[in-house]
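Worksheet for the structure shown next.
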Amino acid sequence: MTMELTGRRALITGGASGIGRACAQALARAGADVIVADRDESAARAVGAEVGGEVMVVDLSDLESVASLAVDVDILVNNAGTQTIAPVEEFDPATFRRMIDLMVTAPFLLTRAALPQMYERGWGRIVNISSVHGVRASAYKVAYVTAKHALEGMSKVVALEGGARGVTSNCVNPGYVRTPLVEKQIADQARVHGIAPSEVVERIMLTESAIKRLLEPDEVAALVLWLCGASAGMVTGTSHLMDGGWSAR
């Protein structure tokens with residue numbers, strides 16, 4: 001196993017479960033010193049112990065707390081996210097704002113804090129966990145789709161500014177991944193579409209996908225790991241779809 005990230009320091013938000021946990025494991029196996037950031041202290045400490053890393057307990061929707069963080073890392077994986085399912089006319093404005101804070105403003109603040117040290121060292125990797133919803137839309141997900149589209153734009157701007165200084169910035173765009181976030185959506189999707197929960201995965205989640213299965217977190221983490229490595233040094237400003245062919249339509 002290559003240890004090409006030995007000596008690199010990586011911060012992963014939403015690192016206590018799902019994609020974040022898989023990223024923490026993959027980067028640690030490659031030699032990185034990992035910081036697991038999450039609001040769930042007990043789960044974050046469990047993952048931190050598992051990968052031999054540090055723990056940062058923070059609610060990323062609390063922007064004052066985020067703005068006060070010291071972020072001296074070589075790798076930043078902006079992964080933390082949430083989902084709410086509702087028609088636009090019923091969507092709670094406060095929930096909309098919180099989701100934008102969590103999935104757009106917090107990544108901006110963390111990136112803004114990390115860039116000066118990355119520039120000083122002449123090396124950095126920023127990986128934004130976007131979604132197929134960063135390039136496509138689905139009904140009943142107005143805040144999530146809006147946030148992921150905004151994250152895509154931010155990632156490209158950082159790529160343009162950071163390219164000459166050794167910093168890359170990319171998005172990873174999975175379809176539905178087998179995570180607690182997706183499991184929580186099944187009941188919500190069943191409610192708004194008026195179908196049984198057992199029908200949601202096939203009829204709603206995978207209806208546009210050519211490959212009829214959920215992604216596994218380890219598959220997403222493998223792409224994140226590659227983007228952080230030396231062989232991806234010329235890859236920046238990109239969006240890497242892992243959607244089973246959804247966006248090919």
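Simple scheme: letters A, B, ... for chains in structure tokens order, numbers from 1 for residues in each chain, numbers from 1 for ligands in the order shown.
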Got a sec: who's within 7 Å of Leu214 (chain A), counting only C-alpha atoms, leaving out chain neighbours fewer than 3 positions off, as an MDAnalysis selection string?
-> chainID A and resid 176:178
Contact table region 110-148 of chain A vs region 230-245 of chain A, cut-off 10 Å, shortest pair per residue, only C-alpha atoms, as CSV:
residue,atom,partner,partner_atom,distance
A:Trp123,CA,A:Gly233,CA,9.7
A:Gly124,CA,A:Gly233,CA,9.8
A:Arg125,CA,A:Gly233,CA,9.1
A:Ile126,CA,A:Thr236,CA,9.4
A:Val127,CA,A:Thr236,CA,9.7
A:Asn128,CA,A:Ser239,CA,9.3
A:Ile129,CA,A:Ser239,CA,9.7
A:Ser130,CA,A:Ser239,CA,8.3
A:Ser131,CA,A:Leu241,CA,7.7
A:Val132,CA,A:Asp243,CA,6.4
A:His133,CA,A:Asp243,CA,10.0
A:Gly134,CA,A:Ser239,CA,8.8
A:Val135,CA,A:Ser239,CA,8.9
Could you take the residues named above and write them with C-alpha atoms, as a PDB file, in the first residue's frame?
ATOM      1  CA  TRP A 123       0.863  22.367  -1.897  1.00  0.00           C
ATOM      2  CA  GLY A 124      -2.754  21.730  -1.034  1.00  0.00           C
ATOM      3  CA  ARG A 125      -5.736  19.598  -1.895  1.00  0.00           C
ATOM      4  CA  ILE A 126      -9.335  20.713  -1.449  1.00  0.00           C
ATOM      5  CA  VAL A 127     -11.978  18.108  -2.193  1.00  0.00           C
ATOM      6  CA  ASN A 128     -15.615  19.142  -1.989  1.00  0.00           C
ATOM      7  CA  ILE A 129     -18.127  16.343  -1.627  1.00  0.00           C
ATOM      8  CA  SER A 130     -20.816  17.607  -3.948  1.00  0.00           C
ATOM      9  CA  SER A 131     -23.455  15.379  -5.537  1.00  0.00           C
ATOM     10  CA  VAL A 132     -25.073  14.516  -8.822  1.00  0.00           C
ATOM     11  CA  HIS A 133     -27.397  17.262  -7.553  1.00  0.00           C
ATOM     12  CA  GLY A 134     -24.531  19.683  -8.110  1.00  0.00           C
ATOM     13  CA  VAL A 135     -25.142  19.275 -11.852  1.00  0.00           C
TER      14      VAL A 135
END
Once DSSP has gone over the backbone, tell me which residues of region 9-249 of chain A are in helix (DSSP H, G or I), as an mmCIF file with C-alpha atoms, in the first residue's frame.
data_model
loop_
_atom_site.group_PDB
_atom_site.id
_atom_site.type_symbol
_atom_site.label_atom_id
_atom_site.label_comp_id
_atom_site.auth_asym_id
_atom_site.auth_seq_id
_atom_site.Cartn_x
_atom_site.Cartn_y
_atom_site.Cartn_z
ATOM 1 C CA GLY A 18 -20.757 7.620 6.059
ATOM 2 C CA ILE A 19 -18.560 9.130 3.353
ATOM 3 C CA GLY A 20 -16.581 11.171 5.898
ATOM 4 C CA ARG A 21 -15.633 8.109 7.924
ATOM 5 C CA ALA A 22 -14.606 6.243 4.776
ATOM 6 C CA CYS A 23 -12.456 9.222 3.721
ATOM 7 C CA ALA A 24 -10.813 9.343 7.153
ATOM 8 C CA GLN A 25 -9.962 5.652 6.876
ATOM 9 C CA ALA A 26 -8.621 5.929 3.316
ATOM 10 C CA LEU A 27 -6.461 9.004 3.974
ATOM 11 C CA ALA A 28 -5.098 7.533 7.202
ATOM 12 C CA ARG A 29 -4.151 4.318 5.403
ATOM 13 C CA GLU A 41 -18.587 13.970 19.709
ATOM 14 C CA SER A 42 -18.867 10.303 20.631
ATOM 15 C CA ALA A 43 -18.989 9.122 17.010
ATOM 16 C CA ALA A 44 -16.124 11.446 16.052
ATOM 17 C CA ARG A 45 -13.985 10.143 18.902
ATOM 18 C CA ALA A 46 -14.702 6.571 17.823
ATOM 19 C CA VAL A 47 -13.529 7.283 14.279
ATOM 20 C CA GLY A 48 -10.577 9.297 15.547
ATOM 21 C CA ALA A 49 -9.468 6.349 17.653
ATOM 22 C CA GLU A 50 -10.005 3.985 14.732
ATOM 23 C CA VAL A 51 -7.707 5.946 12.405
ATOM 24 C CA LEU A 63 -20.798 30.076 11.455
ATOM 25 C CA GLU A 64 -19.254 32.063 14.327
ATOM 26 C CA SER A 65 -17.672 28.872 15.630
ATOM 27 C CA VAL A 66 -16.466 27.913 12.168
ATOM 28 C CA ALA A 67 -14.953 31.341 11.544
ATOM 29 C CA VAL A 88 -40.715 24.668 -2.404
ATOM 30 C CA GLU A 89 -43.942 26.294 -1.165
ATOM 31 C CA GLU A 90 -43.728 24.334 2.090
ATOM 32 C CA PRO A 93 -36.931 29.367 5.178
ATOM 33 C CA ALA A 94 -34.943 28.850 8.383
ATOM 34 C CA THR A 95 -34.110 25.301 7.307
ATOM 35 C CA PHE A 96 -33.077 26.602 3.883
ATOM 36 C CA ARG A 97 -30.671 29.077 5.489
ATOM 37 C CA ARG A 98 -29.183 26.461 7.813
ATOM 38 C CA MET A 99 -28.536 24.104 4.918
ATOM 39 C CA ILE A 100 -26.813 26.827 2.899
ATOM 40 C CA ASP A 101 -24.735 27.751 5.957
ATOM 41 C CA LEU A 102 -23.685 24.137 6.468
ATOM 42 C CA MET A 103 -22.981 23.166 2.860
ATOM 43 C CA VAL A 104 -21.794 26.443 1.306
ATOM 44 C CA THR A 105 -20.750 29.073 3.841
ATOM 45 C CA ALA A 106 -18.935 26.688 6.187
ATOM 46 C CA PRO A 107 -16.871 25.165 3.331
ATOM 47 C CA PHE A 108 -16.050 28.707 2.190
ATOM 48 C CA LEU A 109 -14.883 29.706 5.666
ATOM 49 C CA LEU A 110 -12.783 26.548 6.098
ATOM 50 C CA THR A 111 -11.261 26.932 2.639
ATOM 51 C CA ARG A 112 -10.551 30.605 3.276
ATOM 52 C CA ALA A 113 -8.779 29.694 6.519
ATOM 53 C CA ALA A 114 -6.780 26.837 5.005
ATOM 54 C CA LEU A 115 -5.528 28.515 1.832
ATOM 55 C CA PRO A 116 -2.843 30.837 3.273
ATOM 56 C CA GLN A 117 -0.947 27.907 4.828
ATOM 57 C CA MET A 118 -1.378 25.814 1.685
ATOM 58 C CA TYR A 119 -0.043 28.689 -0.413
ATOM 59 C CA GLU A 120 2.904 29.127 1.941
ATOM 60 C CA ARG A 121 3.855 25.456 1.541
ATOM 61 C CA VAL A 132 -25.073 14.516 -8.822
ATOM 62 C CA HIS A 133 -27.397 17.262 -7.553
ATOM 63 C CA GLY A 134 -24.531 19.683 -8.110
ATOM 64 C CA VAL A 142 -34.550 22.967 -3.217
ATOM 65 C CA ALA A 143 -32.003 23.745 -0.490
ATOM 66 C CA TYR A 144 -29.774 20.750 -1.171
ATOM 67 C CA VAL A 145 -29.686 21.312 -4.934
ATOM 68 C CA THR A 146 -29.062 25.033 -4.449
ATOM 69 C CA ALA A 147 -26.232 24.351 -1.990
ATOM 70 C CA LYS A 148 -24.493 21.797 -4.180
ATOM 71 C CA HIS A 149 -24.673 24.032 -7.245
ATOM 72 C CA ALA A 150 -23.107 26.833 -5.201
ATOM 73 C CA LEU A 151 -20.381 24.517 -3.893
ATOM 74 C CA GLU A 152 -19.490 23.625 -7.485
ATOM 75 C CA GLY A 153 -18.979 27.289 -8.324
ATOM 76 C CA MET A 154 -16.862 27.946 -5.263
ATOM 77 C CA SER A 155 -14.686 24.941 -6.032
ATOM 78 C CA LYS A 156 -13.943 26.204 -9.527
ATOM 79 C CA VAL A 157 -13.003 29.692 -8.308
ATOM 80 C CA VAL A 158 -10.584 28.190 -5.762
ATOM 81 C CA ALA A 159 -9.091 26.043 -8.535
ATOM 82 C CA LEU A 160 -8.417 29.110 -10.679
ATOM 83 C CA GLU A 161 -6.896 31.098 -7.833
ATOM 84 C CA GLY A 162 -4.882 28.235 -6.366
ATOM 85 C CA GLY A 163 -3.533 26.550 -9.474
ATOM 86 C CA ALA A 164 -0.351 28.599 -9.753
ATOM 87 C CA ARG A 165 0.330 28.106 -6.029
ATOM 88 C CA PRO A 180 -27.295 7.348 7.282
ATOM 89 C CA LEU A 181 -28.233 10.498 5.321
ATOM 90 C CA VAL A 182 -29.699 8.442 2.474
ATOM 91 C CA GLU A 183 -31.389 5.960 4.816
ATOM 92 C CA LYS A 184 -33.141 8.898 6.504
ATOM 93 C CA GLN A 185 -34.423 10.126 3.142
ATOM 94 C CA ILE A 186 -36.335 6.953 2.357
ATOM 95 C CA ALA A 187 -39.256 7.701 4.688
ATOM 96 C CA ASP A 188 -39.347 11.362 3.604
ATOM 97 C CA GLN A 189 -39.326 10.426 -0.080
ATOM 98 C CA ALA A 190 -42.086 7.888 0.492
ATOM 99 C CA ARG A 191 -44.212 10.570 2.143
ATOM 100 C CA VAL A 192 -43.871 13.272 -0.512
ATOM 101 C CA HIS A 193 -44.243 10.837 -3.429
ATOM 102 C CA PRO A 197 -40.777 3.073 1.703
ATOM 103 C CA SER A 198 -39.838 -0.256 0.115
ATOM 104 C CA GLU A 199 -40.366 1.295 -3.339
ATOM 105 C CA VAL A 200 -38.253 4.421 -2.851
ATOM 106 C CA VAL A 201 -34.794 3.081 -3.756
ATOM 107 C CA GLU A 202 -35.827 1.542 -7.075
ATOM 108 C CA ARG A 203 -38.580 3.926 -8.172
ATOM 109 C CA ILE A 204 -37.134 7.261 -6.978
ATOM 110 C CA MET A 205 -33.462 7.027 -6.093
ATOM 111 C CA PRO A 217 -18.839 5.014 0.976
ATOM 112 C CA ASP A 218 -15.513 3.270 0.287
ATOM 113 C CA GLU A 219 -15.973 3.853 -3.450
ATOM 114 C CA VAL A 220 -16.345 7.589 -2.911
ATOM 115 C CA ALA A 221 -13.359 7.630 -0.558
ATOM 116 C CA ALA A 222 -11.195 5.925 -3.180
ATOM 117 C CA LEU A 223 -11.806 8.797 -5.593
ATOM 118 C CA VAL A 224 -11.141 11.359 -2.867
ATOM 119 C CA LEU A 225 -7.845 9.618 -2.096
ATOM 120 C CA TRP A 226 -6.804 9.706 -5.734
ATOM 121 C CA LEU A 227 -7.572 13.426 -5.990
ATOM 122 C CA CYS A 228 -5.299 14.018 -2.981
ATOM 123 C CA ALA A 230 0.511 13.065 -6.743
ATOM 124 C CA SER A 231 -0.973 11.523 -9.878
ATOM 125 C CA ALA A 232 -3.872 14.001 -9.729
ATOM 126 C CA TRP A 246 -27.687 9.213 -14.195
ATOM 127 C CA SER A 247 -26.163 12.363 -15.708
ATOM 128 C CA ALA A 248 -25.519 10.627 -19.061
#
From the set A:Leu215, A:Leu206, A:Ile195, A:Leu76, which residue has the shortest atom-to-atom contact distance to Ser169 (chain A), counting only C-alpha atoms?
->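 Closest to Ser169 (chain A), using only C-alpha atoms: A:Leu76.
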If you measure from CA of Leu5 (chain A) to CA of Asp33 (chain A), what distance in Å do you get, rounded to one decimal?
-> 8.5 Å
Going by DSSP on the backbone, which bits of region 35-235 of chain A are strand (DSSP E)? Write them as a VMD selection string, please.
-> chain A and resid 35 to 38 54 to 57 75 to 78 124 to 129 167 to 174
Correct to one decimal, the distance CA of Gly31 (chain A)-CA of Ser68 (chain A) is 27.8 Å
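For Ala139 (chain A), the non-local neighbours within 9 Å, defined as residues at least 2 positions apart in the same chain or in other chains and counting only C-alpha atoms, are Ile85, Ala86, Pro87, Val88, Ala137, Lys141 and Val142 of chain A.
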Serialized selection, C-alpha atoms, as a PDB file, in the first residue's frame:
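Everything below was put into part.pdb:
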ATOM      1  CA  ILE A  85     -37.424  16.851   1.600  1.00  0.00           C
ATOM      2  CA  ALA A  86     -40.346  19.233   0.970  1.00  0.00           C
ATOM      3  CA  PRO A  87     -42.024  21.141  -1.878  1.00  0.00           C
ATOM      4  CA  VAL A  88     -40.715  24.668  -2.404  1.00  0.00           C
ATOM      5  CA  ALA A 137     -31.922  18.830  -9.989  1.00  0.00           C
ATOM      6  CA  LYS A 141     -34.780  19.233  -2.659  1.00  0.00           C
ATOM      7  CA  VAL A 142     -34.550  22.967  -3.217  1.00  0.00           C
TER       8      VAL A 142
END
